[in-house]
>>> print(open('protein.cif').read())   # mmCIF, C-alpha atoms
data_input
loop_
_atom_site.label_atom_id
_atom_site.label_comp_id
_atom_site.auth_asym_id
_atom_site.auth_seq_id
_atom_site.Cartn_x
_atom_site.Cartn_y
_atom_site.Cartn_z
CA MET A 1 0.46 -31.42 14.53
CA VAL A 2 -1.13 -34.22 12.53
CA ARG A 3 0.66 -34.93 9.28
CA GLU A 4 -1.84 -34.61 6.51
CA SER A 5 -1.74 -37.04 3.62
CA ILE A 6 -1.31 -35.86 0.04
CA GLY A 7 -4.93 -36.66 -0.81
CA GLN A 8 -6.22 -34.76 2.18
CA ILE A 9 -4.25 -31.65 1.25
CA LEU A 10 -5.44 -31.82 -2.35
CA VAL A 11 -9.13 -32.13 -1.45
CA THR A 12 -8.88 -29.49 1.27
CA THR A 13 -7.18 -26.86 -0.87
CA ILE A 14 -9.51 -27.33 -3.83
CA LEU A 15 -12.81 -27.58 -1.98
CA SER A 16 -13.26 -26.96 1.73
CA GLY A 17 -10.22 -24.71 2.17
CA ASN A 18 -10.54 -23.00 -1.20
CA PHE A 19 -7.99 -20.18 -1.45
CA VAL A 20 -10.44 -17.60 -2.71
CA LEU A 21 -13.70 -18.52 -1.05
CA ALA A 22 -12.46 -19.68 2.34
CA MET A 23 -9.11 -17.94 2.81
CA PHE A 24 -9.67 -14.75 0.81
CA LEU A 25 -6.43 -15.04 -1.10
CA GLY A 26 -6.25 -13.54 -4.55
CA MET A 27 -9.32 -11.35 -4.34
CA CYS A 28 -8.13 -8.76 -6.86
CA PRO A 29 -8.17 -11.00 -9.94
CA PHE A 30 -11.22 -12.76 -8.51
CA LEU A 31 -13.24 -9.55 -8.72
CA GLY A 32 -11.30 -8.01 -11.59
CA VAL A 33 -11.02 -10.52 -14.42
CA THR A 34 -14.11 -12.63 -13.92
CA HIS A 35 -16.12 -11.01 -16.71
CA SER A 36 -15.81 -13.98 -19.01
CA VAL A 37 -14.71 -17.58 -18.69
CA ALA A 38 -12.42 -17.22 -21.69
CA VAL A 39 -10.22 -14.79 -19.75
CA ALA A 40 -10.69 -16.23 -16.27
CA ALA A 41 -9.55 -19.78 -17.09
CA PRO A 42 -6.17 -18.90 -18.67
CA LEU A 43 -5.41 -16.43 -15.89
CA GLY A 44 -6.21 -19.11 -13.35
CA LEU A 45 -3.85 -21.54 -15.03
CA ALA A 46 -1.10 -18.93 -15.34
CA THR A 47 -1.50 -18.20 -11.65
CA THR A 48 -1.39 -21.92 -10.86
CA PHE A 49 1.91 -22.15 -12.72
CA VAL A 50 3.36 -19.21 -10.80
CA ILE A 51 2.06 -20.66 -7.52
CA VAL A 52 3.82 -23.97 -8.17
CA ILE A 53 7.10 -22.27 -9.08
CA ALA A 54 6.84 -19.98 -6.06
CA SER A 55 6.10 -22.89 -3.77
CA LEU A 56 9.09 -24.91 -5.00
CA SER A 57 11.46 -21.96 -4.76
CA ALA A 58 10.11 -21.07 -1.32
CA PHE A 59 10.81 -24.61 -0.18
CA LEU A 60 14.39 -24.48 -1.46
CA LEU A 61 14.95 -20.98 -0.06
CA ASN A 62 13.72 -22.11 3.31
CA MET A 63 16.23 -24.97 3.27
CA VAL A 64 18.99 -22.41 2.81
CA LEU A 65 17.72 -19.69 5.15
CA THR A 66 16.76 -21.75 8.17
CA PRO A 67 20.22 -23.28 8.91
CA LEU A 68 21.75 -19.80 8.52
CA HIS A 69 19.21 -18.27 10.99
CA LEU A 70 18.13 -15.72 8.44
CA GLU A 71 14.40 -16.21 8.90
CA PHE A 72 13.78 -12.46 8.89
CA LEU A 73 14.88 -12.35 5.25
CA ARG A 74 12.28 -14.94 4.29
CA LEU A 75 9.57 -12.52 3.21
CA ILE A 76 11.91 -10.42 1.08
CA CYS A 77 13.43 -13.47 -0.61
CA TYR A 78 10.03 -14.97 -1.36
CA ILE A 79 8.69 -11.86 -2.96
CA VAL A 80 11.76 -11.37 -5.14
CA VAL A 81 11.54 -14.95 -6.39
CA ILE A 82 7.85 -14.52 -7.11
CA ALA A 83 8.43 -11.28 -9.00
CA ALA A 84 11.08 -12.99 -11.11
CA SER A 85 8.89 -15.97 -11.97
CA VAL A 86 5.98 -13.70 -12.90
CA GLN A 87 8.32 -11.90 -15.29
CA LEU A 88 9.13 -15.29 -16.82
CA VAL A 89 5.48 -16.20 -17.30
CA GLU A 90 4.77 -12.77 -18.76
CA MET A 91 7.50 -13.17 -21.37
CA PHE A 92 6.26 -16.67 -22.19
CA VAL A 93 2.62 -15.60 -22.66
CA LYS A 94 3.65 -12.57 -24.70
CA LYS A 95 5.58 -14.79 -27.12
CA SER A 96 3.14 -17.69 -27.30
CA SER A 97 -0.20 -15.90 -27.36
CA PRO A 98 -0.27 -12.13 -27.93
CA ALA A 99 -4.10 -12.12 -27.94
CA LEU A 100 -4.26 -13.64 -24.50
CA PHE A 101 -1.55 -11.25 -23.37
CA ARG A 102 -3.72 -8.28 -24.33
CA ALA A 103 -6.83 -9.79 -22.75
CA LEU A 104 -5.13 -10.35 -19.42
CA GLY A 105 -3.66 -6.88 -19.55
CA ILE A 106 -2.53 -5.44 -16.27
CA TYR A 107 -3.63 -8.50 -14.34
CA LEU A 108 -0.72 -10.55 -15.62
CA PRO A 109 2.05 -8.51 -13.97
CA LEU A 110 -0.26 -8.12 -11.00
CA ILE A 111 0.10 -11.84 -10.26
CA THR A 112 3.16 -10.61 -8.35
CA THR A 113 0.88 -8.90 -5.87
CA ASN A 114 -1.56 -11.79 -5.87
CA CYS A 115 -1.89 -12.80 -2.27
CA ALA A 116 -2.49 -16.40 -3.31
CA VAL A 117 1.06 -16.77 -4.60
CA LEU A 118 2.74 -15.30 -1.55
CA GLY A 119 0.12 -16.95 0.64
CA VAL A 120 1.10 -20.44 -0.54
CA ALA A 121 4.75 -19.75 0.25
CA LEU A 122 3.90 -18.37 3.70
CA PHE A 123 1.32 -20.98 4.67
CA GLN A 124 3.47 -23.94 3.66
CA THR A 125 6.29 -22.52 5.77
CA ALA A 126 3.98 -21.91 8.73
CA ARG A 127 2.55 -25.44 8.49
CA GLU A 128 6.00 -27.02 8.03
CA TYR A 129 5.02 -29.05 4.99
CA ASP A 130 7.63 -31.34 3.46
CA PHE A 131 8.46 -31.29 -0.24
CA MET A 132 5.59 -33.44 -1.57
CA GLN A 133 3.07 -31.76 0.72
CA SER A 134 4.18 -28.31 -0.44
CA LEU A 135 3.90 -29.35 -4.07
CA THR A 136 0.40 -30.76 -3.56
CA PHE A 137 -0.62 -27.70 -1.58
CA ALA A 138 0.52 -25.46 -4.43
CA VAL A 139 -1.12 -27.50 -7.21
CA GLY A 140 -4.37 -27.88 -5.25
CA GLY A 141 -4.41 -24.21 -4.31
CA GLY A 142 -3.90 -23.16 -7.91
CA LEU A 143 -6.63 -25.49 -9.18
CA GLY A 144 -8.99 -24.29 -6.46
CA PHE A 145 -8.23 -20.70 -7.44
CA THR A 146 -8.95 -21.49 -11.11
CA LEU A 147 -12.17 -23.28 -10.13
CA ALA A 148 -13.42 -20.31 -8.12
CA LEU A 149 -12.52 -17.89 -10.92
CA VAL A 150 -14.28 -19.96 -13.58
CA LEU A 151 -17.36 -20.44 -11.39
CA LEU A 152 -17.80 -16.75 -10.69
CA ALA A 153 -17.06 -15.87 -14.32
CA SER A 154 -19.76 -18.22 -15.59
CA VAL A 155 -22.31 -16.88 -13.11
CA ARG A 156 -21.46 -13.34 -14.12
CA GLU A 157 -21.78 -14.19 -17.81
CA ARG A 158 -25.28 -15.42 -17.10
CA ILE A 159 -26.18 -12.38 -15.05
CA GLN A 160 -25.24 -9.97 -17.81
CA LEU A 161 -28.38 -11.04 -19.66
CA SER A 162 -30.73 -10.69 -16.71
CA ASP A 163 -32.41 -7.69 -15.19
CA VAL A 164 -30.38 -6.62 -12.17
CA PRO A 165 -31.48 -3.62 -10.06
CA GLY A 166 -29.35 -0.60 -10.94
CA VAL A 167 -27.92 -0.08 -7.48
CA LEU A 168 -26.71 -3.65 -7.24
CA GLN A 169 -24.66 -3.62 -10.42
CA GLY A 170 -20.89 -3.87 -10.36
CA THR A 171 -18.79 -4.87 -7.39
CA ALA A 172 -21.72 -5.17 -4.96
CA MET A 173 -23.26 -7.84 -7.20
CA SER A 174 -19.98 -9.75 -7.54
CA LEU A 175 -19.49 -9.73 -3.79
CA MET A 176 -22.98 -11.05 -3.14
CA LEU A 177 -22.43 -13.80 -5.73
CA ALA A 178 -19.09 -14.64 -4.16
CA GLY A 179 -20.78 -14.81 -0.78
CA ILE A 180 -23.31 -17.32 -2.06
CA LEU A 181 -20.53 -19.35 -3.69
CA ALA A 182 -18.63 -19.28 -0.38
CA LEU A 183 -21.75 -20.54 1.39
CA ALA A 184 -21.94 -23.40 -1.08
CA PHE A 185 -18.28 -24.24 -0.59
CA MET A 186 -18.81 -24.31 3.17
CA GLY A 187 -20.87 -27.40 2.46
CA PHE A 188 -17.61 -29.19 1.69
CA ALA A 189 -16.34 -28.60 5.22
CA GLY A 190 -15.10 -31.80 6.79
CA MET A 191 -14.13 -33.36 3.48
CA GLY A 192 -10.48 -34.36 3.40
CA GLY A 193 -10.40 -34.59 7.16
CA GLY A 194 -9.64 -30.99 7.98
CA ALA A 195 -11.24 -27.62 7.57
CA MET B 1 -12.26 -6.85 -24.32
CA GLU B 2 -14.11 -5.55 -21.34
CA ASN B 3 -10.96 -5.31 -19.38
CA LYS B 4 -9.21 -2.27 -20.61
CA PRO B 5 -6.31 -1.75 -18.28
CA GLY B 6 -5.50 1.72 -17.18
CA GLU B 7 -8.65 3.35 -18.46
CA GLY B 8 -10.16 5.80 -16.02
CA CYS B 9 -8.01 4.10 -13.52
CA GLU B 10 -4.72 5.40 -12.34
CA THR B 11 -3.51 2.31 -10.57
CA GLY B 12 -3.19 -1.13 -12.00
CA GLY B 13 -5.01 -2.77 -9.15
CA CYS B 14 -8.40 -1.13 -9.34
CA HIS B 15 -11.23 -2.60 -11.26
CA SER B 16 -12.17 -0.27 -14.02
CA ALA B 17 -15.39 -2.00 -14.90
CA ALA B 18 -16.69 -2.35 -11.38
CA VAL B 19 -16.45 1.03 -9.76
CA PRO B 20 -16.69 4.40 -11.41
CA ILE B 21 -13.56 6.22 -10.37
CA LYS B 22 -13.22 9.92 -10.78
CA VAL B 23 -10.44 10.57 -13.22
CA VAL B 24 -8.16 13.06 -11.58
CA ALA B 25 -7.79 16.15 -13.71
CA LEU B 26 -4.40 16.33 -15.31
CA THR B 27 -4.00 20.05 -14.69
CA PRO B 28 -0.69 20.65 -12.94
CA GLN B 29 -2.12 22.07 -9.74
CA THR B 30 -0.49 21.00 -6.52
CA PRO B 31 -3.01 20.20 -3.82
CA SER B 32 -2.18 21.19 -0.27
CA ASN B 33 -0.92 18.59 2.18
CA TRP B 34 -4.24 18.63 3.98
CA MET B 35 -6.09 17.88 0.76
CA GLU B 36 -3.65 15.05 0.06
CA PHE B 37 -4.43 13.68 3.49
CA ALA B 38 -8.19 14.04 3.33
CA GLU B 39 -8.54 12.53 -0.13
CA GLY B 40 -8.06 8.96 1.01
CA LEU B 41 -10.23 9.19 4.11
CA TRP B 42 -13.61 9.16 2.46
CA GLU B 43 -13.85 10.60 -1.03
CA ARG B 44 -11.52 8.02 -2.51
CA ASN B 45 -11.68 5.46 0.27
CA PRO B 46 -9.42 2.52 -0.62
CA VAL B 47 -11.94 -0.07 0.52
CA PHE B 48 -15.27 1.24 -0.71
CA VAL B 49 -14.37 3.46 -3.66
CA MET B 50 -11.19 2.02 -5.11
CA VAL B 51 -11.81 -1.56 -3.92
CA LEU B 52 -8.13 -2.22 -3.36
CA GLY B 53 -6.53 -4.60 -0.90
CA MET B 54 -9.47 -6.93 -0.62
CA CYS B 55 -7.66 -9.91 0.88
CA PRO B 56 -7.10 -8.49 4.38
CA THR B 57 -10.36 -6.55 4.10
CA LEU B 58 -12.34 -9.74 4.04
CA ALA B 59 -10.02 -12.16 5.81
CA VAL B 60 -9.19 -10.51 9.12
CA THR B 61 -12.35 -8.49 9.71
CA VAL B 62 -14.01 -10.99 12.03
CA SER B 63 -13.78 -8.53 14.93
CA ALA B 64 -13.41 -4.79 15.38
CA ILE B 65 -10.07 -5.00 17.19
CA ASN B 66 -8.52 -7.24 14.52
CA SER B 67 -9.68 -4.85 11.82
CA ILE B 68 -8.19 -1.81 13.51
CA SER B 69 -4.84 -3.48 14.19
CA MET B 70 -4.63 -4.71 10.61
CA GLY B 71 -5.58 -1.25 9.34
CA LEU B 72 -2.95 0.49 11.46
CA ALA B 73 -0.26 -2.01 10.45
CA THR B 74 -1.09 -1.36 6.81
CA THR B 75 -1.11 2.41 7.44
CA PHE B 76 2.40 2.24 8.86
CA VAL B 77 3.72 0.17 5.96
CA LEU B 78 1.99 2.43 3.44
CA ALA B 79 3.22 5.69 4.96
CA ALA B 80 6.78 4.48 5.55
CA SER B 81 7.26 2.90 2.14
CA CYS B 82 5.63 5.81 0.29
CA TRP B 83 7.96 8.19 2.13
CA LEU B 84 11.06 6.19 1.22
CA ILE B 85 9.97 5.59 -2.36
CA SER B 86 9.22 9.27 -2.77
CA LEU B 87 12.66 10.17 -1.42
CA MET B 88 14.31 7.76 -3.83
CA ARG B 89 12.08 8.45 -6.81
CA HIS B 90 14.84 10.04 -8.91
CA MET B 91 17.33 7.29 -8.12
CA ILE B 92 15.24 4.24 -9.02
CA PRO B 93 15.67 3.13 -12.64
CA LYS B 94 12.34 2.85 -14.40
CA GLU B 95 12.88 -0.74 -15.55
CA VAL B 96 13.26 -2.23 -12.08
CA ARG B 97 10.96 0.12 -10.19
CA ILE B 98 8.32 -2.46 -9.28
CA ALA B 99 10.93 -4.85 -7.91
CA THR B 100 12.49 -2.00 -5.93
CA TYR B 101 9.13 -0.95 -4.51
CA ILE B 102 8.34 -4.52 -3.50
CA VAL B 103 11.65 -4.95 -1.69
CA ILE B 104 11.12 -1.65 0.16
CA ILE B 105 7.58 -2.64 1.11
CA ALA B 106 8.70 -6.12 2.19
CA THR B 107 11.31 -4.55 4.47
CA PHE B 108 8.73 -2.46 6.30
CA VAL B 109 6.33 -5.38 6.50
CA THR B 110 9.04 -7.45 8.16
CA VAL B 111 9.47 -4.62 10.69
CA VAL B 112 5.73 -4.55 11.42
CA ASP B 113 5.59 -8.34 11.58
CA TYR B 114 8.27 -8.51 14.27
CA ALA B 115 6.83 -5.49 16.10
CA ILE B 116 3.37 -7.04 16.41
CA GLN B 117 4.92 -10.31 17.52
CA ALA B 118 6.71 -8.40 20.28
CA ILE B 119 3.70 -6.31 21.34
CA SER B 120 0.93 -8.90 21.46
CA LEU B 121 1.31 -12.57 20.72
CA ASP B 122 -2.48 -13.07 20.79
CA LEU B 123 -2.97 -10.50 18.09
CA TYR B 124 -0.12 -12.01 16.09
CA GLU B 125 -1.79 -15.39 16.17
CA ALA B 126 -5.19 -13.93 15.28
CA LEU B 127 -3.86 -12.09 12.24
CA GLY B 128 -1.53 -14.92 11.26
CA ALA B 129 0.04 -14.87 7.83
CA TYR B 130 -2.10 -11.92 6.80
CA ILE B 131 0.39 -9.48 8.34
CA GLN B 132 3.08 -10.72 5.99
CA LEU B 133 0.58 -10.66 3.17
CA ILE B 134 0.51 -6.85 3.44
CA VAL B 135 3.36 -7.09 0.92
CA ALA B 136 0.91 -8.41 -1.62
CA ASN B 137 -1.73 -5.81 -0.79
CA CYS B 138 -2.45 -4.05 -4.07
CA LEU B 139 -3.23 -0.83 -2.17
CA VAL B 140 0.39 -0.38 -1.06
CA LEU B 141 1.97 -1.09 -4.43
CA GLY B 142 -0.80 0.83 -6.19
CA ARG B 143 -0.20 3.99 -4.15
CA ALA B 144 3.57 3.64 -4.50
CA GLU B 145 3.32 3.42 -8.26
CA ALA B 146 0.51 5.91 -8.83
CA HIS B 147 1.33 8.57 -6.27
CA ALA B 148 4.55 8.29 -4.29
CA ALA B 149 6.70 7.78 -7.36
CA ARG B 150 5.84 11.24 -8.66
CA THR B 151 5.26 13.36 -5.56
CA ALA B 152 7.46 15.11 -3.02
CA PRO B 153 8.10 13.14 0.21
CA MET B 154 5.91 15.29 2.49
CA ALA B 155 2.85 15.17 0.23
CA ALA B 156 3.35 11.49 -0.50
CA THR B 157 3.52 10.63 3.19
CA MET B 158 0.43 12.70 3.97
CA ASN B 159 -1.49 11.06 1.16
CA ALA B 160 -0.34 7.60 2.20
CA THR B 161 -1.33 8.22 5.82
CA GLY B 162 -4.76 9.42 4.72
CA MET B 163 -5.21 6.40 2.49
CA GLY B 164 -4.08 4.13 5.30
CA LEU B 165 -6.52 5.65 7.77
CA GLY B 166 -9.28 5.43 5.18
CA PHE B 167 -8.39 1.77 4.78
CA THR B 168 -8.54 1.34 8.57
CA LEU B 169 -11.95 3.02 8.63
CA GLY B 170 -13.24 0.71 5.91
CA LEU B 171 -11.91 -2.35 7.71
CA PHE B 172 -13.44 -1.15 10.97
CA MET B 173 -16.84 -0.61 9.34
CA ILE B 174 -16.83 -4.17 8.04
CA GLY B 175 -15.25 -5.71 11.14
CA GLY B 176 -17.63 -3.91 13.51
CA VAL B 177 -20.74 -5.13 11.70
CA ARG B 178 -19.40 -8.67 11.46
CA GLU B 179 -18.50 -8.78 15.15
CA ILE B 180 -21.86 -7.38 16.31
CA LEU B 181 -23.91 -9.72 14.12
CA GLY B 182 -21.65 -12.75 14.24
CA SER B 183 -20.69 -12.93 17.89
CA GLY B 184 -22.96 -10.37 19.56
CA THR B 185 -20.02 -8.39 20.90
CA PHE B 186 -18.28 -5.11 20.14
CA PHE B 187 -14.64 -4.84 21.23
CA ASP B 188 -15.31 -8.00 23.26
CA ILE B 189 -18.12 -6.31 25.26
CA HIS B 190 -21.35 -8.28 25.14
CA LEU B 191 -24.10 -6.15 23.66
CA PHE B 192 -27.10 -8.40 23.93
CA GLY B 193 -28.34 -10.62 26.74
CA SER B 194 -27.43 -14.24 27.14
CA ASN B 195 -30.42 -15.21 25.01
CA PHE B 196 -28.80 -13.75 21.90
CA GLN B 197 -28.28 -16.34 19.23
CA PRO B 198 -25.26 -15.17 17.22
CA TRP B 199 -25.56 -15.07 13.47
CA VAL B 200 -22.52 -17.31 13.03
CA VAL B 201 -22.32 -17.12 9.26
CA MET B 202 -21.23 -13.48 9.62
CA VAL B 203 -17.87 -14.43 11.16
CA LEU B 204 -17.41 -17.22 8.61
CA PRO B 205 -16.01 -16.48 5.14
CA PRO B 206 -19.36 -15.86 3.37
CA GLY B 207 -20.20 -13.16 5.93
CA GLY B 208 -17.24 -11.10 4.76
CA PHE B 209 -18.56 -11.03 1.21
CA PHE B 210 -22.11 -10.25 2.35
CA VAL B 211 -21.18 -7.37 4.69
CA MET B 212 -18.85 -5.78 2.15
CA GLY B 213 -21.49 -6.18 -0.56
CA GLY B 214 -24.10 -4.73 1.79
CA TRP B 215 -22.03 -1.59 2.46
CA LEU B 216 -21.43 -1.07 -1.26
CA LEU B 217 -25.15 -1.51 -1.87
CA LEU B 218 -25.98 1.06 0.81
CA PHE B 219 -23.57 3.60 -0.70
CA ALA B 220 -24.99 2.97 -4.16
CA ILE B 221 -28.52 3.62 -2.88
CA ILE B 222 -27.45 6.85 -1.14
CA ARG B 223 -25.64 8.01 -4.28
CA LYS B 224 -28.68 7.28 -6.41
CA ARG B 225 -30.95 9.24 -4.07
CA LYS B 226 -28.60 12.20 -4.12
CA GLU B 227 -28.50 12.14 -7.91
CA LYS B 228 -32.28 11.98 -8.04
CA ALA B 229 -32.58 14.91 -5.62
CA ALA B 230 -30.08 16.95 -7.62
CA LEU B 231 -31.96 16.19 -10.83
CA ALA B 232 -35.27 17.18 -9.25
CA ALA B 233 -33.73 20.41 -7.97
CA THR B 234 -32.45 21.40 -11.39
CA GLU B 235 -35.80 20.58 -12.98
CA MET B 236 -37.54 22.77 -10.42
CA GLU B 237 -35.19 25.62 -11.24
CA VAL B 238 -35.81 25.21 -14.93
CA GLN B 239 -39.56 25.28 -14.38
CA HIS B 240 -39.36 28.36 -12.19
CA GLY B 241 -37.09 30.04 -14.68
CA ALA B 242 -39.58 29.39 -17.48
#
>>> encode(input="protein.cif", output="structure tokens")
Amino acid sequence: MVRESIGQILVTTILSGNFVLAMFLGMCPFLGVTHSVAVAAPLGLATTFVIVIASLSAFLLNMVLTPLHLEFLRLICYIVVIAASVQLVEMFVKKSSPALFRALGIYLPLITTNCAVLGVALFQTAREYDFMQSLTFAVGGGLGFTLALVLLASVRERIQLSDVPGVLQGTAMSLMLAGILALAFMGFAGMGGGA
Amino acid sequence: MENKPGEGCETGGCHSAAVPIKVVALTPQTPSNWMEFAEGLWERNPVFVMVLGMCPTLAVTVSAINSISMGLATTFVLAASCWLISLMRHMIPKEVRIATYIVIIATFVTVVDYAIQAISLDLYEALGAYIQLIVANCLVLGRAEAHAARTAPMAATMNATGMGLGFTLGLFMIGGVREILGSGTFFDIHLFGSNFQPWVVMVLPPGGFFVMGGWLLLFAIIRKRKEKAALAATEMEVQHGA
């Protein structure tokens, strides 16, 4: 396996290997909260924060579990750590910005079941990233997630004003838009030296 | 805000604004086990009606066989964890219920993960990390929270199995189309001659979005036609009556 440099990982996770548009991680918030940029951006950043915490804890957990040959407990440990850190973020947002807390609603606790968070932990383990690589992977993944969310949210804000055929409204429309965005992101393939 | 959580929406994971979901009547009638089972198959299909568990729906559906294996793995996890959660529903304290559910689900996912690894290494490599990501599938947690936590074990298991099979059906419908268009095969059998130029974009990420969107569009058109026909029928009756 070729060791990827930090820059490569960053570019890959944000653009060509975007978590949402190329790996289909975190689809629920992607389709659920992208009605307006004002909600999508903070959720993206909150998710980025959780992703980074989850990635760091997963790295440390792995250091403990692997020498003890307890790999089968990995999944359970990861998810418990993620659930705990989401609880932390939830309490923080509730205290610091009650308005945002209401806007995010059910999607805040649902970060726990956001595949992107668990996905980062699992993928960095599968790819045997070292500490810096894991950290970059997590930050890049989170930023890529936020980027995709904000992009779709801005397109959908525009579309609200235009005349869309009745049958295409709702999820079907979002999926088609996401498909076109994914096509555009495929144009980045090859950047960062790995798809 | 547009995003009103929990309105017309019994699980946290569904998207209230996107899909009209029938609000289940709150009358305390207990549906039969068969009804519990059939509900998830089509009428409230997890993929097309509730739009839950989108990550595996779009990520692993590059071929029909992948879709079916993923669907069956999810069905097992869903049925087993709903059964256990339903059995333990009076024991679990309300404050830590989500954490408890997640640990139960993660246990069964680990079982499935090791089972698939033992049965077929090829399949394991094709599905990759997405097997373990069943833990984060909103369908499983959604059903656990919305149904299993307040139903008797038998009914909960039936409902979960139905939902799981409905999920498998949805995955298969997407995976089948993507495999036929994207690689010209169906269950690895070549359908077209050697001159067939596969529509490669269908097995790439954008294809997943397009096929899923296409199915939803088709269902929306059918629903609209039915509504129109029903409206025309009632108008006819009114005219005849007058």
>>> atom_distance(input="protein.cif", atom1="CA of Phe192 in chain B", atom2="CA of Glu179 in chain B")
12.3 Å
>>> resolve_selection(input="protein.cif", expression="the PyMOL selection byres ((chain B) within 6 of (chain A))", output="PyMOL selection string")
chain B and resi 5+15+18+54-55+59+106+136+205-206+209-210+213+216-217+220-221
>>> write_last_selection(input="protein.cif", atoms="C-alpha atoms", output="PDB file, keeping the file's coordinate frame")
ATOM      1  CA  PRO B   5      -6.310  -1.750 -18.280  1.00  0.00           C
ATOM      2  CA  HIS B  15     -11.230  -2.600 -11.260  1.00  0.00           C
ATOM      3  CA  ALA B  18     -16.690  -2.350 -11.380  1.00  0.00           C
ATOM      4  CA  MET B  54      -9.470  -6.930  -0.620  1.00  0.00           C
ATOM      5  CA  CYS B  55      -7.660  -9.910   0.880  1.00  0.00           C
ATOM      6  CA  ALA B  59     -10.020 -12.160   5.810  1.00  0.00           C
ATOM      7  CA  ALA B 106       8.700  -6.120   2.190  1.00  0.00           C
ATOM      8  CA  ALA B 136       0.910  -8.410  -1.620  1.00  0.00           C
ATOM      9  CA  PRO B 205     -16.010 -16.480   5.140  1.00  0.00           C
ATOM     10  CA  PRO B 206     -19.360 -15.860   3.370  1.00  0.00           C
ATOM     11  CA  PHE B 209     -18.560 -11.030   1.210  1.00  0.00           C
ATOM     12  CA  PHE B 210     -22.110 -10.250   2.350  1.00  0.00           C
ATOM     13  CA  GLY B 213     -21.490  -6.180  -0.560  1.00  0.00           C
ATOM     14  CA  LEU B 216     -21.430  -1.070  -1.260  1.00  0.00           C
ATOM     15  CA  LEU B 217     -25.150  -1.510  -1.870  1.00  0.00           C
ATOM     16  CA  ALA B 220     -24.990   2.970  -4.160  1.00  0.00           C
ATOM     17  CA  ILE B 221     -28.520   3.620  -2.880  1.00  0.00           C
TER      18      ILE B 221
END
>>> resolve_selection(input="protein.cif", expression="the PyMOL selection byres ((chain B and resi 147) around 10)", output="PyMOL selection string")
chain B and resi 10-11+82+85-86+141-146+148-152+155-157+159-160
>>> atom_distance(input="protein.cif", atom1="CA of Val49 in chain B", atom2="CA of Lys226 in chain B")
16.7 Å
>>> residues_around(input="protein.cif", residues="Asn66 in chain B", least_positions_apart="5", cutoff="12 Å", atoms="only C-alpha atoms", output="compact mmCIF listing (two decimals) with C-alpha atoms, keeping the file's coordinate frame")
# COMPACT_ATOMS: atom_id res chain seq x y z
CA PRO B 56 -7.10 -8.49 4.38
CA THR B 57 -10.36 -6.55 4.10
CA LEU B 58 -12.34 -9.74 4.04
CA ALA B 59 -10.02 -12.16 5.81
CA VAL B 60 -9.19 -10.51 9.12
CA THR B 61 -12.35 -8.49 9.71
CA GLY B 71 -5.58 -1.25 9.34
CA LEU B 72 -2.95 0.49 11.46
CA ALA B 73 -0.26 -2.01 10.45
CA SER B 120 0.93 -8.90 21.46
CA ASP B 122 -2.48 -13.07 20.79
CA LEU B 123 -2.97 -10.50 18.09
CA TYR B 124 -0.12 -12.01 16.09
CA GLU B 125 -1.79 -15.39 16.17
CA ALA B 126 -5.19 -13.93 15.28
CA LEU B 127 -3.86 -12.09 12.24
CA GLY B 128 -1.53 -14.92 11.26
CA TYR B 130 -2.10 -11.92 6.80
CA ILE B 131 0.39 -9.48 8.34
CA THR B 168 -8.54 1.34 8.57
CA LEU B 171 -11.91 -2.35 7.71
CA PHE B 172 -13.44 -1.15 10.97
CA MET B 173 -16.84 -0.61 9.34
CA ILE B 174 -16.83 -4.17 8.04
CA GLY B 175 -15.25 -5.71 11.14
CA GLY B 176 -17.63 -3.91 13.51
CA ARG B 178 -19.40 -8.67 11.46
CA GLU B 179 -18.50 -8.78 15.15
CA PHE B 186 -18.28 -5.11 20.14
CA PHE B 187 -14.64 -4.84 21.23
CA ASP B 188 -15.31 -8.00 23.26
>>> resolve_selection(input="protein.cif", expression="the PyMOL selection byres ((chain A and resi 45) around 12)", output="PyMOL selection string")
chain A and resi 38-44+46-52+89+93+108+111+139-150
>>> atom_distance(input="protein.cif", atom1="CA of Val47 in chain B", atom2="CA of Gly182 in chain B")
21.1 Å
>>> residues_around(input="protein.cif", residues="Ser16 in chain A", least_positions_apart="2", cutoff="7 Å", atoms="all atoms listed in the file", output="list in words")
Thr12, Thr13, Ile14, Asn18, Phe185, Met186, Phe188, Ala189, Met191 and Ala195 of chain A
>>> write_last_selection(input="protein.cif", atoms="C-alpha atoms", output="PDB file, in the frame of the given file")
ATOM      1  CA  THR A  12      -8.880 -29.490   1.270  1.00  0.00           C
ATOM      2  CA  THR A  13      -7.180 -26.860  -0.870  1.00  0.00           C
ATOM      3  CA  ILE A  14      -9.510 -27.330  -3.830  1.00  0.00           C
ATOM      4  CA  ASN A  18     -10.540 -23.000  -1.200  1.00  0.00           C
ATOM      5  CA  PHE A 185     -18.280 -24.240  -0.590  1.00  0.00           C
ATOM      6  CA  MET A 186     -18.810 -24.310   3.170  1.00  0.00           C
ATOM      7  CA  PHE A 188     -17.610 -29.190   1.690  1.00  0.00           C
ATOM      8  CA  ALA A 189     -16.340 -28.600   5.220  1.00  0.00           C
ATOM      9  CA  MET A 191     -14.130 -33.360   3.480  1.00  0.00           C
ATOM     10  CA  ALA A 195     -11.240 -27.620   7.570  1.00  0.00           C
TER      11      ALA A 195
END
>>> residues_around(input="protein.cif", residues="Phe108 in chain B", least_positions_apart="3", cutoff="12 Å", atoms="only C-alpha atoms", output="JSON, numbers by chain")
{"A": [72, 73, 75, 76], "B": [73, 74, 75, 76, 77, 78, 79, 80, 81, 82, 83, 84, 85, 101, 102, 103, 104, 105, 111, 112, 113, 114, 115, 131, 132, 133, 134, 135, 140]}
